file my_file16.txt (compact mmCIF, C-alpha atoms and all ligand atoms)
# COMPACT_ATOMS: atom_id res chain seq x y z
CA MET A 56 22.86 -10.27 5.19
CA LYS A 57 22.09 -6.82 3.76
CA VAL A 58 18.95 -6.44 1.66
CA LEU A 59 18.16 -3.50 -0.59
CA VAL A 60 14.44 -2.81 -1.03
CA VAL A 61 13.42 -0.95 -4.17
CA ASN A 62 10.03 0.58 -4.92
CA SER A 63 10.27 1.88 -8.45
CA GLY A 64 7.46 4.20 -9.55
CA SER A 65 6.90 6.05 -12.81
CA SER A 66 9.00 9.07 -11.84
CA SER A 67 10.45 8.08 -8.47
CA ILE A 68 12.45 5.34 -6.77
CA LYS A 69 12.13 4.75 -3.02
CA TYR A 70 14.79 2.58 -1.42
CA ARG A 71 15.84 1.15 1.93
CA LEU A 72 18.86 -0.88 2.92
CA PHE A 73 18.36 -3.26 5.87
CA ASP A 74 20.86 -5.27 7.86
CA MET A 75 18.77 -8.38 8.32
CA THR A 76 20.87 -9.75 11.15
CA ASP A 77 18.84 -7.46 13.43
CA GLU A 78 16.44 -5.89 10.87
CA SER A 79 18.06 -2.50 11.43
CA LEU A 80 17.69 0.21 8.81
CA LEU A 81 21.07 1.25 7.41
CA ALA A 82 19.79 3.88 4.99
CA LYS A 83 16.71 5.02 3.15
CA GLY A 84 16.09 7.52 0.42
CA LEU A 85 14.14 8.81 -2.49
CA VAL A 86 14.98 9.58 -6.11
CA GLU A 87 12.40 12.03 -7.44
CA ARG A 88 11.31 13.64 -10.70
CA ILE A 89 13.03 11.09 -12.95
CA GLY A 90 12.94 12.32 -16.54
CA ILE A 91 11.61 15.77 -15.61
CA SER A 92 13.28 19.01 -14.59
CA GLY A 93 14.35 19.46 -10.98
CA SER A 94 15.26 15.80 -10.43
CA LEU A 95 17.01 14.96 -7.18
CA ILE A 96 18.09 12.26 -4.76
CA THR A 97 17.67 12.56 -1.00
CA HIS A 98 19.61 9.97 1.00
CA TYR A 99 19.13 9.37 4.74
CA PRO A 100 21.91 7.20 6.17
CA THR A 101 21.23 6.07 9.75
CA GLY A 102 23.49 7.95 12.16
CA LYS A 103 25.06 10.13 9.46
CA ASP A 104 24.21 13.42 7.75
CA ILE A 105 21.50 13.55 5.12
CA MET A 106 22.71 13.94 1.53
CA LYS A 107 20.56 15.85 -0.94
CA LYS A 108 21.71 16.20 -4.53
CA GLU A 109 19.92 18.01 -7.33
CA ILE A 110 21.19 16.35 -10.48
CA ASP A 111 19.97 15.44 -13.94
CA ILE A 112 18.29 12.01 -13.71
CA PRO A 113 17.02 11.23 -17.22
CA ASP A 114 15.98 7.63 -16.55
CA HIS A 115 15.65 4.85 -13.96
CA ARG A 116 19.09 3.45 -14.77
CA ARG A 117 20.71 6.73 -13.71
CA GLY A 118 18.44 6.79 -10.66
CA ILE A 119 19.56 3.36 -9.43
CA GLU A 120 23.22 4.24 -10.20
CA LEU A 121 22.83 7.24 -7.90
CA VAL A 122 21.30 5.05 -5.18
CA VAL A 123 24.31 2.72 -5.36
CA ASP A 124 26.70 5.72 -5.31
CA ALA A 125 24.93 7.14 -2.25
CA LEU A 126 25.14 3.80 -0.41
CA LEU A 127 28.91 3.69 -1.17
CA ASN A 128 29.62 7.41 -0.62
CA ASN A 129 32.67 8.19 1.53
CA ASN A 130 30.81 10.53 3.87
CA HIS A 131 27.19 9.44 3.64
CA GLY A 132 27.57 5.81 2.62
CA VAL A 133 26.74 2.78 4.74
CA ILE A 134 28.60 0.02 2.87
CA LYS A 135 32.14 -0.24 1.54
CA ASP A 136 31.52 -2.52 -1.40
CA ILE A 137 28.54 -3.26 -3.61
CA SER A 138 29.01 -7.00 -2.92
CA GLU A 139 27.78 -6.36 0.63
CA ILE A 140 24.25 -6.19 -0.83
CA SER A 141 23.20 -9.84 -0.69
CA ALA A 142 19.82 -9.44 -2.38
CA VAL A 143 17.38 -6.91 -3.79
CA GLY A 144 13.66 -7.04 -2.98
CA HIS A 145 11.31 -5.26 -5.36
CA ARG A 146 7.80 -4.07 -4.67
CA VAL A 147 5.66 -5.22 -7.58
CA VAL A 148 2.06 -4.06 -7.60
CA HIS A 149 0.39 -6.81 -9.61
CA GLY A 150 1.16 -10.50 -9.45
CA GLY A 151 -2.21 -11.52 -10.93
CA GLU A 152 -3.57 -14.94 -9.98
CA LYS A 153 -0.22 -16.61 -10.44
CA TYR A 154 1.64 -15.39 -7.36
CA SER A 155 0.34 -15.96 -3.87
CA GLY A 156 3.77 -15.31 -2.38
CA SER A 157 7.08 -13.66 -3.17
CA VAL A 158 9.32 -15.11 -5.88
CA LEU A 159 12.93 -15.20 -7.01
CA ILE A 160 12.96 -13.31 -10.29
CA ASN A 161 13.91 -15.25 -13.41
CA GLN A 162 13.15 -14.91 -17.11
CA ASP A 163 9.81 -16.77 -16.88
CA ILE A 164 8.67 -14.49 -14.10
CA MET A 165 9.66 -11.39 -16.07
CA GLU A 166 7.51 -12.64 -18.94
CA THR A 167 4.52 -13.17 -16.63
CA LEU A 168 4.98 -9.70 -15.13
CA ASN A 169 4.95 -8.26 -18.63
CA LYS A 170 1.68 -10.09 -19.25
CA TYR A 171 0.18 -8.45 -16.15
CA ILE A 172 0.93 -4.95 -17.44
CA GLU A 173 -2.60 -4.82 -18.83
CA LEU A 174 -3.95 -5.36 -15.29
CA ALA A 175 -1.77 -2.61 -13.77
CA PRO A 176 -0.79 -0.34 -16.66
CA LEU A 177 0.45 2.50 -14.44
CA HIS A 178 2.34 0.48 -11.84
CA ASN A 179 3.81 -2.72 -13.27
CA PRO A 180 5.89 -1.05 -16.06
CA PRO A 181 8.04 1.07 -13.68
CA ASN A 182 8.27 -1.89 -11.26
CA ILE A 183 9.57 -4.08 -14.11
CA LEU A 184 11.97 -1.35 -15.20
CA GLY A 185 13.38 -1.16 -11.66
CA ILE A 186 14.04 -4.92 -11.70
CA LYS A 187 15.72 -4.77 -15.12
CA VAL A 188 18.02 -1.92 -14.11
CA CYS A 189 19.01 -3.67 -10.86
CA GLN A 190 19.70 -6.88 -12.80
CA GLU A 191 22.03 -4.89 -15.08
CA LEU A 192 23.83 -3.02 -12.30
CA LEU A 193 23.99 -5.92 -9.83
CA PRO A 194 24.17 -8.95 -12.16
CA ASP A 195 25.32 -11.42 -9.49
CA THR A 196 22.77 -10.37 -6.87
CA PRO A 197 19.48 -12.28 -6.57
CA GLN A 198 16.35 -10.21 -7.14
CA VAL A 199 13.03 -11.01 -5.48
CA GLY A 200 9.54 -9.78 -6.42
CA VAL A 201 7.08 -9.07 -3.60
CA PHE A 202 3.54 -8.47 -4.83
CA ASP A 203 0.87 -6.13 -3.43
CA THR A 204 -1.74 -8.62 -4.60
CA ALA A 205 -0.17 -11.80 -3.17
CA PHE A 206 -1.64 -11.71 0.36
CA HIS A 207 -5.15 -11.48 -1.12
CA GLN A 208 -4.86 -14.63 -3.21
CA THR A 209 -6.60 -16.51 -0.37
CA ILE A 210 -9.84 -14.56 -0.96
CA PRO A 211 -12.51 -17.16 -1.85
CA GLU A 212 -14.25 -17.22 -5.21
CA LYS A 213 -17.56 -15.99 -3.74
CA ALA A 214 -15.77 -12.80 -2.64
CA TYR A 215 -13.50 -12.21 -5.61
CA LEU A 216 -16.04 -12.72 -8.41
CA TYR A 217 -18.12 -9.79 -9.65
CA GLY A 218 -21.69 -10.35 -10.80
CA LEU A 219 -20.68 -10.02 -14.45
CA PRO A 220 -20.84 -12.64 -17.22
CA TYR A 221 -18.42 -15.34 -16.05
CA HIS A 222 -16.53 -15.48 -19.34
CA TYR A 223 -15.05 -12.02 -18.65
CA TYR A 224 -13.28 -13.57 -15.70
CA GLU A 225 -12.08 -16.48 -17.82
CA LYS A 226 -11.15 -14.37 -20.85
CA TYR A 227 -9.68 -11.24 -19.24
CA GLY A 228 -9.14 -12.08 -15.57
CA VAL A 229 -11.82 -9.60 -14.47
CA ARG A 230 -12.09 -10.23 -10.69
CA LYS A 231 -11.13 -8.69 -7.37
CA TYR A 232 -7.35 -8.84 -6.80
CA GLY A 233 -6.87 -6.42 -3.89
CA PHE A 234 -3.83 -4.27 -3.14
CA HIS A 235 -1.70 -3.02 -0.19
CA GLY A 236 -1.32 -6.73 0.67
CA THR A 237 2.18 -6.36 2.09
CA SER A 238 0.99 -3.67 4.49
CA HIS A 239 -2.16 -5.56 5.55
CA LYS A 240 -0.08 -8.67 6.22
CA TYR A 241 2.58 -6.77 8.18
CA VAL A 242 0.15 -5.01 10.53
CA ALA A 243 -1.96 -8.16 11.04
CA ILE A 244 1.17 -10.08 12.10
CA LYS A 245 2.18 -7.19 14.41
CA ALA A 246 -1.29 -7.05 15.95
CA ALA A 247 -1.13 -10.76 16.85
CA GLU A 248 2.37 -10.26 18.30
CA MET A 249 1.09 -7.37 20.43
CA LEU A 250 -1.70 -9.56 21.79
CA GLY A 251 0.68 -12.46 22.35
CA LYS A 252 -1.59 -14.68 20.24
CA GLU A 253 -1.29 -16.62 17.01
CA LEU A 254 -2.65 -14.72 13.99
CA GLU A 255 -4.28 -18.02 12.93
CA GLU A 256 -6.70 -17.79 15.87
CA LEU A 257 -7.79 -14.17 15.31
CA LYS A 258 -10.38 -12.23 13.33
CA VAL A 259 -8.78 -8.95 12.30
CA ILE A 260 -9.80 -5.95 10.19
CA THR A 261 -6.84 -3.95 8.93
CA CYS A 262 -7.52 -0.39 7.70
CA HIS A 263 -4.69 0.88 5.49
CA LEU A 264 -5.70 4.53 5.08
CA GLY A 265 -3.36 6.78 3.12
CA ASN A 266 -3.52 8.49 -0.24
CA GLY A 267 -4.77 5.12 -1.40
CA SER A 268 -6.91 3.22 1.09
CA SER A 269 -8.20 -0.28 1.63
CA LEU A 270 -9.66 -2.44 4.38
CA THR A 271 -9.02 -6.16 4.67
CA ALA A 272 -10.78 -8.92 6.60
CA VAL A 273 -8.07 -11.26 7.91
CA LYS A 274 -9.51 -14.47 9.31
CA ASN A 275 -7.22 -17.13 10.78
CA GLY A 276 -4.21 -15.43 9.21
CA LYS A 277 -5.67 -15.23 5.70
CA SER A 278 -7.12 -12.36 3.72
CA ILE A 279 -10.74 -13.32 3.01
CA ASP A 280 -11.94 -10.02 1.56
CA THR A 281 -10.58 -6.59 0.77
CA SER A 282 -12.05 -3.32 -0.46
CA LEU A 283 -9.84 -2.56 -3.47
CA GLY A 284 -10.61 -4.82 -6.38
CA PHE A 285 -9.74 -5.16 -10.06
CA GLY A 286 -8.41 -1.63 -10.15
CA THR A 287 -7.38 0.62 -7.28
CA ILE A 288 -10.55 2.72 -6.97
CA SER A 289 -13.22 0.68 -5.17
CA GLY A 290 -13.99 0.66 -1.45
CA VAL A 291 -13.80 3.84 0.60
CA ILE A 292 -13.12 7.25 -0.96
CA MET A 293 -9.46 8.24 -1.25
CA GLY A 294 -7.43 11.39 -1.97
CA THR A 295 -8.50 11.56 -5.60
CA ARG A 296 -10.21 8.19 -6.17
CA CYS A 297 -13.95 7.66 -6.02
CA GLY A 298 -14.44 4.51 -3.93
CA ASP A 299 -17.60 2.47 -4.49
CA VAL A 300 -19.89 3.93 -7.16
CA ASP A 301 -23.01 2.42 -8.70
CA PRO A 302 -21.69 1.25 -12.12
CA ALA A 303 -24.83 2.71 -13.75
CA VAL A 304 -23.39 6.18 -13.10
CA ILE A 305 -20.47 5.58 -15.44
CA PRO A 306 -22.23 5.14 -18.82
CA PHE A 307 -24.73 7.81 -17.71
CA LEU A 308 -21.99 10.39 -17.17
CA MET A 309 -20.08 9.36 -20.28
CA LYS A 310 -23.20 10.03 -22.35
CA LYS A 311 -24.21 13.26 -20.59
CA GLU A 312 -20.72 14.78 -20.65
CA GLY A 313 -19.55 13.25 -23.94
CA LEU A 314 -16.60 11.53 -22.24
CA ASN A 315 -14.46 8.78 -23.71
CA SER A 316 -13.21 5.93 -21.51
CA GLU A 317 -9.88 7.60 -20.82
CA GLU A 318 -11.55 10.84 -19.70
CA MET A 319 -13.98 8.89 -17.53
CA ASN A 320 -11.12 6.93 -15.99
CA ASN A 321 -9.33 10.19 -15.25
CA ILE A 322 -12.38 11.45 -13.34
CA LEU A 323 -12.71 8.23 -11.32
CA TYR A 324 -9.00 8.02 -10.42
CA LYS A 325 -7.85 11.65 -10.33
CA LYS A 326 -10.78 14.00 -9.79
CA SER A 327 -12.94 12.21 -7.25
CA GLY A 328 -12.66 11.29 -3.57
CA PHE A 329 -11.54 14.10 -1.23
CA ILE A 330 -10.68 16.47 -4.06
CA GLY A 331 -13.92 15.86 -5.93
CA LEU A 332 -16.33 15.93 -3.01
CA SER A 333 -14.69 18.99 -1.45
CA GLU A 334 -14.95 20.79 -4.82
CA GLY A 335 -11.20 21.19 -5.13
CA ILE A 336 -10.14 22.04 -1.56
CA SER A 337 -7.54 19.29 -1.31
CA SER A 338 -6.71 15.63 -1.79
CA ASP A 339 -4.85 15.77 1.53
CA LYS A 340 -6.76 14.68 4.64
CA ARG A 341 -4.91 17.20 6.85
CA ASP A 342 -6.21 20.15 4.80
CA LEU A 343 -9.75 18.80 4.98
CA GLU A 344 -9.55 18.33 8.75
CA GLU A 345 -8.28 21.87 9.19
CA LYS A 346 -11.00 23.39 7.01
CA ALA A 347 -13.74 21.25 8.55
CA SER A 348 -12.68 22.33 12.06
CA LYS A 349 -13.35 25.93 10.95
CA GLY A 350 -16.83 24.99 9.74
CA ASP A 351 -16.17 24.45 6.03
CA LYS A 352 -19.13 22.40 4.77
CA LYS A 353 -17.40 21.10 1.62
CA ALA A 354 -14.51 19.67 3.61
CA LYS A 355 -16.91 18.24 6.19
CA ARG A 356 -19.01 16.42 3.60
CA ALA A 357 -15.93 14.70 2.15
CA LEU A 358 -14.90 13.56 5.62
CA ASP A 359 -18.44 12.43 6.46
CA VAL A 360 -18.53 10.24 3.34
CA LEU A 361 -15.17 8.70 4.29
CA HIS A 362 -16.16 7.97 7.89
CA TYR A 363 -19.50 6.50 6.81
CA GLY A 364 -17.81 4.25 4.23
CA LEU A 365 -15.29 3.01 6.78
CA LYS A 366 -18.03 2.15 9.29
CA LYS A 367 -19.92 0.25 6.60
CA TYR A 368 -16.90 -1.86 5.66
CA ILE A 369 -16.05 -2.58 9.30
CA GLY A 370 -19.63 -3.78 9.82
CA ALA A 371 -19.60 -5.86 6.64
CA TYR A 372 -16.25 -7.52 7.40
CA THR A 373 -17.30 -8.24 10.99
CA ALA A 374 -20.34 -9.99 9.53
CA VAL A 375 -18.40 -12.09 7.01
CA MET A 376 -15.96 -13.20 9.73
CA ASN A 377 -18.81 -13.75 12.24
CA GLY A 378 -16.98 -11.60 14.79
CA LEU A 379 -14.01 -9.36 15.31
CA ASP A 380 -11.07 -9.50 17.74
CA VAL A 381 -8.84 -6.70 16.47
CA LEU A 382 -9.31 -3.51 14.44
CA VAL A 383 -6.06 -1.99 13.17
CA PHE A 384 -5.46 1.49 11.76
CA THR A 385 -2.35 2.11 9.66
CA ALA A 386 -0.73 4.30 6.93
CA GLY A 387 -0.66 8.12 6.72
CA ILE A 388 -4.24 8.78 7.81
CA GLY A 389 -4.76 5.69 9.94
CA GLU A 390 -1.60 6.33 11.96
CA ASN A 391 -1.88 10.09 12.28
CA SER A 392 -5.50 11.09 12.55
CA PRO A 393 -7.09 10.62 16.01
CA LYS A 394 -10.13 12.50 14.68
CA LEU A 395 -10.73 9.92 11.98
CA ARG A 396 -10.30 7.01 14.39
CA LYS A 397 -12.71 8.63 16.86
CA ASN A 398 -15.34 9.33 14.21
CA VAL A 399 -15.12 5.85 12.72
CA CYS A 400 -15.24 4.05 16.07
CA ALA A 401 -18.06 6.19 17.48
CA ASP A 402 -21.32 4.28 17.79
CA LEU A 403 -19.75 0.91 17.06
CA THR A 404 -20.40 -0.35 20.59
CA CYS A 405 -22.85 -2.88 19.10
CA PHE A 406 -19.74 -4.65 17.75
CA GLY A 407 -17.87 -4.32 21.06
CA ILE A 408 -15.68 -1.47 19.77
CA GLU A 409 -14.95 1.27 22.29
CA ILE A 410 -11.94 3.55 22.14
CA ASP A 411 -10.27 5.50 24.94
CA ASP A 412 -10.04 9.19 23.92
CA ASN A 413 -6.88 9.74 25.86
CA LYS A 414 -5.05 6.74 24.38
CA ASN A 415 -6.36 7.63 20.92
CA ASN A 416 -5.15 11.22 21.12
CA ASN A 417 -1.73 10.16 22.33
CA ALA A 418 -1.10 7.36 19.83
CA LYS A 419 1.69 8.82 17.75
CA GLY A 420 4.40 7.10 15.78
CA SER A 421 4.48 3.78 17.60
CA LYS A 422 2.26 0.74 17.93
CA THR A 423 -0.45 1.35 20.54
CA VAL A 424 -3.70 -0.12 21.79
CA ILE A 425 -6.32 2.66 21.80
CA SER A 426 -9.40 0.73 22.96
CA THR A 427 -10.76 0.92 26.52
CA ASP A 428 -10.00 -1.93 28.91
CA ASN A 429 -13.66 -3.00 28.59
CA SER A 430 -13.74 -2.98 24.80
CA LYS A 431 -14.41 -6.49 23.45
CA VAL A 432 -12.47 -5.64 20.31
CA LYS A 433 -8.87 -4.45 20.65
CA VAL A 434 -8.39 -1.34 18.55
CA MET A 435 -4.78 -0.63 17.58
CA VAL A 436 -2.67 1.90 15.74
CA ILE A 437 0.28 0.15 14.09
CA PRO A 438 2.74 2.00 11.82
CA THR A 439 3.09 0.01 8.62
CA ASN A 440 6.47 -1.11 7.32
CA GLU A 441 6.01 -2.60 3.86
CA GLU A 442 9.72 -2.29 3.14
CA LEU A 443 10.70 -4.45 6.11
CA MET A 444 8.14 -7.04 5.05
CA ILE A 445 9.69 -7.04 1.54
CA ALA A 446 13.18 -7.40 3.06
CA ARG A 447 12.00 -10.33 5.22
CA ASP A 448 10.52 -12.18 2.25
CA THR A 449 13.63 -11.46 0.19
CA MET A 450 15.90 -12.80 2.90
CA GLU A 451 13.76 -15.89 3.40
CA ILE A 452 13.85 -16.75 -0.31
CA CYS A 453 17.55 -15.98 -0.77
CA SER A 454 18.71 -17.80 2.33
CA LYS A 455 17.42 -21.02 0.71
CA LEU A 456 19.56 -20.51 -2.41
CA LYS A 457 22.69 -22.58 -3.16
P1 LIG B 1 0.30 7.87 2.84
O1 LIG B 1 -0.23 7.60 1.45
O2 LIG B 1 0.27 6.64 3.70
O3 LIG B 1 1.60 8.59 2.86
O4 LIG B 1 -0.77 8.87 3.53
C1 LIG B 1 -1.02 10.16 3.06
C2 LIG B 1 -2.27 10.71 3.74
O5 LIG B 1 -2.05 10.75 5.16
C3 LIG B 1 -2.62 12.14 3.33
O6 LIG B 1 -4.02 12.24 3.07
C4 LIG B 1 -2.26 12.95 4.55
O7 LIG B 1 -3.08 14.06 4.69
C5 LIG B 1 -2.56 11.96 5.66
N1 LIG B 1 -1.93 12.41 6.90
C6 LIG B 1 -0.60 12.46 7.18
N2 LIG B 1 -0.42 13.01 8.41
C7 LIG B 1 -1.65 13.31 8.90
C8 LIG B 1 -2.16 13.91 10.12
N3 LIG B 1 -1.33 14.31 11.07
N4 LIG B 1 -3.50 14.06 10.25
C9 LIG B 1 -4.35 13.66 9.28
N5 LIG B 1 -3.95 13.09 8.13
C10 LIG B 1 -2.63 12.92 7.93

call {"tool": "encode", "arguments": {"input": "my_file16.txt", "output": "structure tokens", "more": "lines below"}}
Ligand code: AMP
result
Amino acid sequence: MKVLVVNSGSSSIKYRLFDMTDESLLAKGLVERIGISGSLITHYPTGKDIMKKEIDIPDHRRGIELVVDALLNNNHGVIKDISEISAVGHRVVHGGEKYSGSVLINQDIMETLNKYIELAPLHNPPNILGIKVCQELLPDTPQVGVFDTAFHQTIPEKAYLYGLPYHYYEKYGVRKYGFHGTSHKYVAIKAAEMLGKELEELKVITCHLGNGSSLTAVKNGKSIDTSLGFGTISGVIMGTRCGDVDPAVIPFLMKKEGLNSEEMNNILYKKSGFIGLSEGISSDKRDLEEKASKGDKKAKRALDVLHYGLKKYIGAYTAVMNGLDVLVFTAGIGENSPKLRKNVCADLTCFGIEIDDNKNNNAKGSKTVISTDNSKVKVMVIPTNEELMIARDTMEICSKLK
């Protein structure tokens, strides 16, 4: 069974084709700059030459057509006929309170996804568009939605409610939803596999640290708390997002600077975090690390705030789980920055966390344990693979059809 995984963003489409008989990757690629000048598709077929094509891509329909063409291409293709694609799995950011797992897309589900646009105005519309286009181009192929929020639907009420008037939850669904769920779930499962234990018997903290970042407390296989919430800005600081801020600051700044809600939102999502604290140096962690290593104080302060925030969440989640067995680092920063892992894990011996510098410095590109043999908590680096998780869910749902 071959499964196409589609992650449709506002101006890009990421895709992967898996052969689920052995979970091997047949091809992956990226359609970029949809609807703007300089649009292109880059296609990476396993074992064949890369294909890069600069071509006018006015909309998502053209983008998906090009993906299908690339998969069928005489020289760079990996399938002979479109019917070889048994199912399509779509990343969908927001599944609200309705979806605690992945679903086979039908008309009712499309209507619910449309309803959730107000909860994820930037993400759900291009996700929905990707589904619609695939339904048009592959009308006989089942489509499955896999939600970033689904894994967090087990978070208990005491953790997902904010201390706001309750009717805002009832009227507008204002609560913590959490994101990156597919990644948190994937690395938690992998961590248990690496230990040779059942995930259901472990207390795990997963740190997904990339351009967007979140930490999740996974107790007995279930997400019980996570650091992103209603929107995608709470928790630790990110590339351009602010992380936790006292809400009193927001009306204060709006008044002082004469900002409307859209302008304020723009500051919180686009001008804060690394870029804001470093006064414009970069939203990229690599640039900050490089500058900080040369003594740049602005870069250092942004990194200090990140490391401090991570420590605080690790402590808090250890407390709510009454213990910790495994700490996992994943995503762009988590997988690639030994400096960050060292800084965050320093002085956490009170929790039984102790990392081995040598193992930490050499953990690159594959799943590795980086804690010392004496460390009570196993600390791991596990590359995330959200696409494979989406393909697995898609296969599971579609294999039950007929
Ligand atoms: P992602 O969103 O998962 O692609 O992660 C992007 C983030 O990972 C950016 O902030 C990058 O700077 C960071 N990153 C990637 N490689 C490295 C590296 N070698 N060292 C530090 N940060 C890295």

call {"tool": "atom_distance", "arguments": {"input": "my_file16.txt", "atom1": "CA of Lys311 in chain A", "atom2": "CA of Gly290 in chain A"}}
result
25.1 Å

call {"tool": "residues_near_point", "arguments": {"input": "my_file16.txt", "point": "(-10.6, 13.7, -2.1)", "cutoff": "8 Å", "atoms": "all atoms listed in the file", "output": "list of chain:residue names"}}
result
A:Ile292, A:Met293, A:Gly294, A:Thr295, A:Arg296, A:Cys297, A:Lys326, A:Ser327, A:Gly328, A:Phe329, A:Ile330, A:Gly331, A:Leu332, A:Ser333, A:Ser337, A:Ser338, A:Asp339, A:Lys340, A:Ala357

call {"tool": "residues_near_ligand", "arguments": {"input": "my_file16.txt", "ligand": "ligand LIG 1 (chain B)", "cutoff": "10 Å", "atoms": "only C-alpha atoms and all ligand atoms", "output": "number ranges by chain"}}
result
A: 263-268, 293-295, 329, 337-345, 385-395, 419, 438-439

call {"tool": "atom_distance", "arguments": {"input": "my_file16.txt", "atom1": "CA of Val383 in chain A", "atom2": "CA of Met435 in chain A"}}
result
4.8 Å

call {"tool": "atom_distance", "arguments": {"input": "my_file16.txt", "atom1": "CA of Val242 in chain A", "atom2": "CA of Ile437 in chain A"}}
result
6.3 Å

call {"tool": "closest_residue", "arguments": {"input": "my_file16.txt", "among": "A:Lys422, A:Lys258, A:His362, A:Lys346", "to": "Met376 in chain A", "atoms": "only C-alpha atoms"}}
result
A:Lys258

call {"tool": "build_atoms", "arguments": {"input": "my_file16.txt", "residues": "range 170-175 of chain A", "atoms": "all heavy atoms", "output": "short mmCIF file (atom, residue, chain, number, x, y, z; two decimals), keeping the file's coordinate frame"}}
result
data_model
loop_
_atom_site.label_atom_id
_atom_site.label_comp_id
_atom_site.auth_asym_id
_atom_site.auth_seq_id
_atom_site.Cartn_x
_atom_site.Cartn_y
_atom_site.Cartn_z
N LYS A 170 3.07 -9.75 -18.89
CA LYS A 170 1.68 -10.09 -19.25
C LYS A 170 0.69 -9.33 -18.35
O LYS A 170 -0.39 -8.94 -18.78
CB LYS A 170 1.50 -11.61 -19.07
CG LYS A 170 0.61 -12.24 -20.09
CD LYS A 170 0.50 -13.74 -19.85
CE LYS A 170 -0.51 -14.06 -18.77
NZ LYS A 170 -0.47 -15.39 -18.24
N TYR A 171 1.08 -9.11 -17.09
CA TYR A 171 0.18 -8.45 -16.15
C TYR A 171 0.16 -6.92 -16.29
O TYR A 171 -0.55 -6.25 -15.55
CB TYR A 171 0.52 -8.83 -14.71
CG TYR A 171 0.15 -10.26 -14.37
CD1 TYR A 171 0.93 -11.02 -13.53
CD2 TYR A 171 -1.01 -10.84 -14.91
CE1 TYR A 171 0.60 -12.34 -13.22
CE2 TYR A 171 -1.34 -12.15 -14.61
CZ TYR A 171 -0.54 -12.89 -13.76
OH TYR A 171 -0.89 -14.18 -13.46
N ILE A 172 0.94 -6.41 -17.24
CA ILE A 172 0.93 -4.95 -17.44
C ILE A 172 -0.48 -4.47 -17.74
O ILE A 172 -0.91 -3.42 -17.28
CB ILE A 172 1.92 -4.53 -18.56
CG1 ILE A 172 3.35 -4.64 -18.01
CG2 ILE A 172 1.64 -3.12 -19.05
CD1 ILE A 172 4.43 -4.29 -19.01
N GLU A 173 -1.24 -5.29 -18.49
CA GLU A 173 -2.60 -4.82 -18.83
C GLU A 173 -3.49 -4.74 -17.59
O GLU A 173 -4.47 -4.01 -17.58
CB GLU A 173 -3.23 -5.66 -19.94
CG GLU A 173 -3.51 -7.07 -19.57
CD GLU A 173 -4.28 -7.78 -20.69
OE1 GLU A 173 -4.51 -7.19 -21.75
OE2 GLU A 173 -4.65 -8.95 -20.45
N LEU A 174 -3.16 -5.45 -16.52
CA LEU A 174 -3.95 -5.36 -15.29
C LEU A 174 -3.51 -4.16 -14.43
O LEU A 174 -4.28 -3.67 -13.61
CB LEU A 174 -3.82 -6.65 -14.47
CG LEU A 174 -4.40 -7.93 -15.11
CD1 LEU A 174 -4.12 -9.14 -14.23
CD2 LEU A 174 -5.90 -7.79 -15.34
N ALA A 175 -2.26 -3.76 -14.56
CA ALA A 175 -1.77 -2.61 -13.77
C ALA A 175 -0.91 -1.72 -14.66
O ALA A 175 0.31 -1.64 -14.51
CB ALA A 175 -0.95 -3.12 -12.58
#
